[in-house]
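Raw upload.csv, CSV, N, CA and C atoms:
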chain,number,residue,atom,x,y,z
A,145,MET,N,42.6,33.2,3.5
A,145,MET,CA,42.7,31.8,3.4
A,145,MET,C,44.2,31.4,3.7
A,146,ARG,N,44.4,30.3,4.3
A,146,ARG,CA,45.7,29.9,4.7
A,146,ARG,C,46.1,28.6,4.1
A,147,GLY,N,47.4,28.3,4.2
A,147,GLY,CA,47.9,27.0,3.6
A,147,GLY,C,48.0,27.1,2.1
A,148,PRO,N,48.1,26.0,1.5
A,148,PRO,CA,48.4,26.0,0.0
A,148,PRO,C,47.2,26.6,-0.8
A,149,TYR,N,46.0,26.5,-0.3
A,149,TYR,CA,44.9,27.2,-1.0
A,149,TYR,C,44.9,28.7,-0.9
A,150,GLY,N,45.7,29.2,0.0
A,150,GLY,CA,45.9,30.7,0.0
A,150,GLY,C,47.0,31.2,-1.0
A,151,ILE,N,47.7,30.2,-1.6
A,151,ILE,CA,48.7,30.6,-2.6
A,151,ILE,C,48.2,30.3,-4.0
A,152,VAL,N,47.5,29.2,-4.2
A,152,VAL,CA,46.9,28.9,-5.5
A,152,VAL,C,45.6,28.1,-5.2
A,153,ARG,N,44.6,28.3,-6.2
A,153,ARG,CA,43.3,27.6,-6.0
A,153,ARG,C,43.4,26.1,-6.2
A,154,HIS,N,44.4,25.7,-7.0
A,154,HIS,CA,44.4,24.2,-7.4
A,154,HIS,C,45.8,23.7,-7.0
A,155,PRO,N,46.2,23.5,-5.8
A,155,PRO,CA,47.5,23.1,-5.4
A,155,PRO,C,47.9,21.7,-5.9
A,156,SER,N,46.9,20.8,-6.0
A,156,SER,CA,47.2,19.4,-6.4
A,156,SER,C,47.6,19.4,-7.9
A,157,GLU,N,46.9,20.3,-8.7
A,157,GLU,CA,47.3,20.4,-10.1
A,157,GLU,C,48.7,21.0,-10.3
A,158,VAL,N,49.0,22.0,-9.5
A,158,VAL,CA,50.3,22.6,-9.5
A,158,VAL,C,51.4,21.5,-9.2
A,159,ARG,N,51.1,20.7,-8.2
A,159,ARG,CA,52.0,19.6,-7.9
A,159,ARG,C,52.1,18.6,-9.0
A,160,THR,N,51.0,18.3,-9.7
A,160,THR,CA,51.1,17.3,-10.8
A,160,THR,C,52.0,17.9,-11.9
A,161,LEU,N,51.8,19.2,-12.2
A,161,LEU,CA,52.6,19.8,-13.3
A,161,LEU,C,54.0,19.8,-12.9
A,162,ALA,N,54.3,20.2,-11.6
A,162,ALA,CA,55.7,20.3,-11.2
A,162,ALA,C,56.4,18.9,-11.2
A,163,LEU,N,55.7,17.9,-10.8
A,163,LEU,CA,56.3,16.6,-10.9
A,163,LEU,C,56.5,16.1,-12.3
A,164,ALA,N,55.6,16.4,-13.2
A,164,ALA,CA,55.8,16.0,-14.6
A,164,ALA,C,56.9,16.8,-15.2
A,165,ILE,N,57.0,18.1,-15.0
A,165,ILE,CA,58.1,18.9,-15.6
A,165,ILE,C,59.4,18.5,-15.0
A,166,GLY,N,59.4,18.2,-13.7
A,166,GLY,CA,60.6,17.7,-13.0
A,166,GLY,C,61.1,16.4,-13.5
A,167,THR,N,60.2,15.5,-13.7
A,167,THR,CA,60.5,14.2,-14.2
A,167,THR,C,61.1,14.3,-15.7
A,168,ALA,N,60.4,15.1,-16.5
A,168,ALA,CA,60.9,15.2,-17.9
A,168,ALA,C,62.3,15.9,-17.9
A,169,THR,N,62.5,16.8,-17.0
A,169,THR,CA,63.8,17.5,-16.9
A,169,THR,C,64.9,16.5,-16.4
A,170,MET,N,64.5,15.7,-15.4
A,170,MET,CA,65.5,14.8,-14.8
A,170,MET,C,65.9,13.7,-15.8
A,171,VAL,N,64.9,13.2,-16.5
A,171,VAL,CA,65.2,12.2,-17.5
A,171,VAL,C,65.9,12.7,-18.7
A,172,GLY,N,65.7,14.0,-18.9
A,172,GLY,CA,66.3,14.7,-20.1
A,172,GLY,C,65.6,14.3,-21.4
A,173,SER,N,64.3,14.0,-21.3
A,173,SER,CA,63.6,13.6,-22.5
A,173,SER,C,62.8,14.8,-23.1
A,174,VAL,N,63.1,15.1,-24.3
A,174,VAL,CA,62.4,16.1,-25.0
A,174,VAL,C,61.0,15.7,-25.3
A,175,PHE,N,60.8,14.4,-25.6
A,175,PHE,CA,59.5,13.8,-25.8
A,175,PHE,C,58.6,14.0,-24.6
A,176,ALA,N,59.1,13.7,-23.4
A,176,ALA,CA,58.3,13.9,-22.2
A,176,ALA,C,58.0,15.3,-22.0
A,177,ALA,N,58.9,16.2,-22.3
A,177,ALA,CA,58.6,17.7,-22.1
A,177,ALA,C,57.5,18.1,-23.0
A,178,PHE,N,57.5,17.6,-24.3
A,178,PHE,CA,56.4,17.9,-25.2
A,178,PHE,C,55.1,17.3,-24.7
A,179,LEU,N,55.1,16.1,-24.2
A,179,LEU,CA,53.9,15.5,-23.6
A,179,LEU,C,53.3,16.4,-22.5
A,180,VAL,N,54.2,16.9,-21.6
A,180,VAL,CA,53.7,17.7,-20.5
A,180,VAL,C,53.1,19.0,-21.1
A,181,LEU,N,53.8,19.6,-22.0
A,181,LEU,CA,53.3,20.9,-22.6
A,181,LEU,C,52.1,20.8,-23.5
A,182,LEU,N,52.1,19.7,-24.3
A,182,LEU,CA,51.0,19.6,-25.3
A,182,LEU,C,49.8,18.8,-24.9
A,183,VAL,N,50.0,17.9,-23.8
A,183,VAL,CA,48.9,17.1,-23.4
A,183,VAL,C,48.5,17.4,-22.0
A,184,LEU,N,49.4,17.2,-21.1
A,184,LEU,CA,49.1,17.4,-19.6
A,184,LEU,C,48.6,18.8,-19.3
A,185,PHE,N,49.4,19.8,-19.7
A,185,PHE,CA,49.0,21.2,-19.3
A,185,PHE,C,47.6,21.6,-19.8
A,186,PRO,N,47.3,21.3,-21.1
A,186,PRO,CA,45.9,21.6,-21.5
A,186,PRO,C,44.8,20.9,-20.7
A,187,LEU,N,45.1,19.6,-20.4
A,187,LEU,CA,44.1,18.9,-19.6
A,187,LEU,C,43.9,19.5,-18.2
A,188,VAL,N,45.0,19.8,-17.6
A,188,VAL,CA,45.0,20.4,-16.2
A,188,VAL,C,44.3,21.8,-16.3
A,189,TRP,N,44.6,22.6,-17.3
A,189,TRP,CA,44.0,23.9,-17.5
A,189,TRP,C,42.4,23.7,-17.6
A,190,TRP,N,42.0,22.8,-18.5
A,190,TRP,CA,40.6,22.6,-18.7
A,190,TRP,C,39.9,22.1,-17.4
A,191,ARG,N,40.5,21.2,-16.7
A,191,ARG,CA,39.9,20.7,-15.4
A,191,ARG,C,39.8,21.8,-14.4
A,192,THR,N,40.8,22.7,-14.3
A,192,THR,CA,40.7,23.8,-13.3
A,192,THR,C,39.7,24.8,-13.7
A,193,ARG,N,39.5,25.1,-15.0
A,193,ARG,CA,38.4,26.0,-15.4
A,193,ARG,C,37.1,25.4,-15.1
A,194,LEU,N,36.9,24.1,-15.3
A,194,LEU,CA,35.6,23.4,-15.0
A,194,LEU,C,35.3,23.5,-13.5
A,195,GLU,N,36.3,23.2,-12.7
A,195,GLU,CA,36.1,23.2,-11.3
A,195,GLU,C,35.8,24.6,-10.8
A,196,ASP,N,36.5,25.6,-11.4
A,196,ASP,CA,36.2,27.0,-11.0
A,196,ASP,C,34.7,27.4,-11.4
A,197,LYS,N,34.3,26.9,-12.5
A,197,LYS,CA,32.9,27.2,-12.9
A,197,LYS,C,31.9,26.6,-11.9
A,198,LEU,N,32.2,25.3,-11.6
A,198,LEU,CA,31.3,24.6,-10.6
A,198,LEU,C,31.3,25.3,-9.2
A,199,LEU,N,32.5,25.7,-8.8
A,199,LEU,CA,32.6,26.4,-7.5
A,199,LEU,C,31.9,27.8,-7.6
A,200,HIS,N,32.0,28.4,-8.7
A,200,HIS,CA,31.2,29.7,-8.9
A,200,HIS,C,29.7,29.5,-8.8
A,201,MET,N,29.2,28.4,-9.4
A,201,MET,CA,27.8,28.1,-9.4
A,201,MET,C,27.4,27.8,-7.9
A,202,GLU,N,28.2,27.1,-7.2
A,202,GLU,CA,27.9,26.7,-5.8
A,202,GLU,C,28.0,27.9,-4.8
A,203,HIS,N,29.1,28.7,-5.0
A,203,HIS,CA,29.4,29.7,-3.9
A,203,HIS,C,29.2,31.2,-4.4
A,204,GLY,N,28.9,31.4,-5.7
A,204,GLY,CA,28.6,32.7,-6.2
A,204,GLY,C,29.7,33.8,-6.0
A,205,ALA,N,29.3,34.9,-5.5
A,205,ALA,CA,30.1,36.1,-5.3
A,205,ALA,C,31.3,35.8,-4.4
A,206,ALA,N,31.1,35.0,-3.4
A,206,ALA,CA,32.2,34.7,-2.4
A,206,ALA,C,33.3,34.0,-3.2
A,207,PHE,N,33.0,33.1,-4.1
A,207,PHE,CA,34.1,32.5,-4.9
A,207,PHE,C,34.8,33.5,-5.8
A,208,ILE,N,34.0,34.4,-6.4
A,208,ILE,CA,34.6,35.4,-7.3
A,208,ILE,C,35.6,36.2,-6.5
A,209,GLN,N,35.2,36.7,-5.3
A,209,GLN,CA,36.1,37.5,-4.5
A,209,GLN,C,37.4,36.7,-4.1
A,210,SER,N,37.2,35.4,-3.8
A,210,SER,CA,38.4,34.6,-3.5
A,210,SER,C,39.3,34.4,-4.7
A,211,ALA,N,38.6,34.1,-5.8
A,211,ALA,CA,39.4,33.9,-7.1
A,211,ALA,C,40.2,35.1,-7.5
A,212,ARG,N,39.7,36.3,-7.2
A,212,ARG,CA,40.4,37.5,-7.6
A,212,ARG,C,41.7,37.7,-6.7
A,213,ARG,N,41.7,37.1,-5.5
A,213,ARG,CA,42.8,37.2,-4.6
A,213,ARG,C,43.8,36.1,-4.8
A,214,VAL,N,43.3,34.9,-5.2
A,214,VAL,CA,44.2,33.7,-5.3
A,214,VAL,C,44.2,33.2,-6.7
A,215,PRO,N,45.4,33.2,-7.3
A,215,PRO,CA,45.5,32.7,-8.7
A,215,PRO,C,45.2,31.2,-8.8
A,216,ALA,N,44.8,30.8,-10.0
A,216,ALA,CA,44.5,29.4,-10.2
A,216,ALA,C,45.7,28.4,-10.1
A,217,LEU,N,46.7,28.7,-10.9
A,217,LEU,CA,47.8,27.8,-11.0
A,217,LEU,C,49.2,28.4,-10.7
A,218,VAL,N,49.4,29.6,-11.0
A,218,VAL,CA,50.7,30.2,-10.9
A,218,VAL,C,50.8,31.1,-9.7
A,219,PRO,N,51.5,30.8,-8.7
A,219,PRO,CA,51.5,31.6,-7.4
A,219,PRO,C,51.9,33.0,-7.7
A,220,PHE,N,51.3,33.9,-7.0
A,220,PHE,CA,51.6,35.4,-7.0
A,220,PHE,C,51.4,36.0,-8.4
A,221,CYS,N,50.6,35.4,-9.3
A,221,CYS,CA,50.3,36.1,-10.6
A,221,CYS,C,48.8,36.5,-10.5
A,222,ALA,N,48.5,37.5,-11.3
A,222,ALA,CA,47.1,37.9,-11.4
A,222,ALA,C,46.2,36.8,-11.7
A,223,SER,N,45.0,36.8,-11.1
A,223,SER,CA,44.1,35.7,-11.3
A,223,SER,C,43.3,35.8,-12.5
A,224,GLU,N,43.0,34.8,-13.2
A,224,GLU,CA,42.2,34.8,-14.4
A,224,GLU,C,40.8,34.4,-14.0
A,225,THR,N,39.9,35.4,-14.0
A,225,THR,CA,38.5,35.1,-13.6
A,225,THR,C,37.5,35.5,-14.7
A,226,ARG,N,37.9,35.9,-15.8
A,226,ARG,CA,36.9,36.4,-16.9
A,226,ARG,C,35.9,35.3,-17.2
A,227,HIS,N,36.3,34.1,-17.2
A,227,HIS,CA,35.4,33.0,-17.6
A,227,HIS,C,34.3,32.8,-16.5
A,228,LEU,N,34.4,33.5,-15.4
A,228,LEU,CA,33.4,33.4,-14.3
A,228,LEU,C,32.4,34.6,-14.2
A,229,LEU,N,32.6,35.5,-15.1
A,229,LEU,CA,31.7,36.7,-15.0
A,229,LEU,C,30.3,36.4,-15.3
A,230,PRO,N,29.3,37.1,-14.7
A,230,PRO,CA,27.9,36.8,-14.8
A,230,PRO,C,27.4,36.7,-16.2
A,231,HIS,N,27.9,37.4,-17.2
A,231,HIS,CA,27.3,37.4,-18.6
A,231,HIS,C,27.5,36.0,-19.2
A,232,ARG,N,28.2,35.1,-18.6
A,232,ARG,CA,28.4,33.8,-19.1
A,232,ARG,C,27.7,32.8,-18.2
A,233,ALA,N,26.8,33.2,-17.3
A,233,ALA,CA,26.2,32.4,-16.4
A,233,ALA,C,25.4,31.3,-17.1
A,234,SER,N,24.7,31.6,-18.2
A,234,SER,CA,23.9,30.6,-18.8
A,234,SER,C,24.8,29.4,-19.3
A,235,ARG,N,26.0,29.7,-19.7
A,235,ARG,CA,26.9,28.7,-20.1
A,235,ARG,C,27.4,27.9,-18.9
A,236,ASP,N,27.6,28.5,-17.8
A,236,ASP,CA,28.0,27.8,-16.6
A,236,ASP,C,26.9,26.8,-16.2
A,237,HIS,N,25.6,27.2,-16.3
A,237,HIS,CA,24.6,26.3,-15.9
A,237,HIS,C,24.5,25.1,-16.8
A,238,SER,N,24.8,25.3,-18.1
A,238,SER,CA,24.8,24.1,-19.0
A,238,SER,C,25.9,23.1,-18.5
A,239,VAL,N,27.0,23.5,-18.0
A,239,VAL,CA,28.0,22.6,-17.5
A,239,VAL,C,27.4,21.7,-16.3
A,240,SER,N,26.7,22.4,-15.4
A,240,SER,CA,26.1,21.6,-14.3
A,240,SER,C,25.0,20.7,-14.8
A,241,ASP,N,24.2,21.2,-15.7
A,241,ASP,CA,23.1,20.4,-16.3
A,241,ASP,C,23.7,19.1,-16.9
A,242,ASN,N,24.8,19.3,-17.7
A,242,ASN,CA,25.4,18.1,-18.4
A,242,ASN,C,25.9,17.2,-17.4
A,243,LEU,N,26.5,17.7,-16.3
A,243,LEU,CA,27.1,16.8,-15.3
A,243,LEU,C,26.0,16.0,-14.5
A,244,SER,N,24.9,16.7,-14.3
A,244,SER,CA,23.8,16.0,-13.5
A,244,SER,C,23.1,15.0,-14.4
A,245,ARG,N,23.2,15.1,-15.7
A,245,ARG,CA,22.5,14.2,-16.6
A,245,ARG,C,23.3,12.9,-16.9
A,246,ARG,N,24.5,12.9,-16.5
A,246,ARG,CA,25.4,11.8,-16.7
A,246,ARG,C,24.8,10.5,-16.0
A,247,PRO,N,24.9,9.4,-16.7
A,247,PRO,CA,24.5,8.2,-15.9
A,247,PRO,C,25.5,7.8,-14.9
A,248,HIS,N,25.0,7.4,-13.7
A,248,HIS,CA,25.9,7.1,-12.6
A,248,HIS,C,26.3,5.6,-12.5

Rendering of file as structure tokens:
Amino acid sequence: MRGPYGIVRHPSEVRTLALAIGTATMVGSVFAAFLVLLVLFPLVWWRTRLEDKLLHMEHGAAFIQSARRVPALVPFCASETRHLLPHRASRDHSVSDNLSRRPH
């Protein structure tokens, strides 16, 4: 894989976190830094895990292989893929079932 997706699986989320951390640092606001760490980062982490589960359901083993090579958020770090292993497949399907049942 080439480009930003060859470095991290979620480059737009990395950009969002980098901008938020940079803004908090530039402004010098401890409150903004706490917001990033306590609110934004957990939301981004949750969203990336959900997206990974959905991609795993769609692409199966091909996604697992890619996820083992490319980290989710931190470039050049070991990839976290335990939440995608087959023994949790029934839980993964409940995510897609819940999404498909949402009113549009």

Non-local contacts of region 205-219 of chain A (5 Å; all atoms listed in the file; under 6 positions in same chain excluded) as a PyMOL selection string: chain A and resi 151-154

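Atom C of Asp196 (chain A) sits 23.3 Å away from atom C of Ala162 (chain A).
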
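Here CA of Val188 (chain A) stands at a distance of 19.0 Å from CA of Thr169 (chain A).
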
Grab the CA of Leu179 (chain A) to CA of Leu161 (chain A) distance for me, in Å with one decimal place. 11.2 Å

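Each of A:Glu157, A:His203, A:Gly166, A:Val171 was checked against Pro186 (chain A) using only C-alpha atoms; the smallest atom-to-atom distance is that of A:Glu157.
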
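Using only C-alpha atoms, the shortest contact distance between Phe185 (chain A) and any of A:Cys221, A:Met145, A:Val158, A:Met201 is found at A:Val158.
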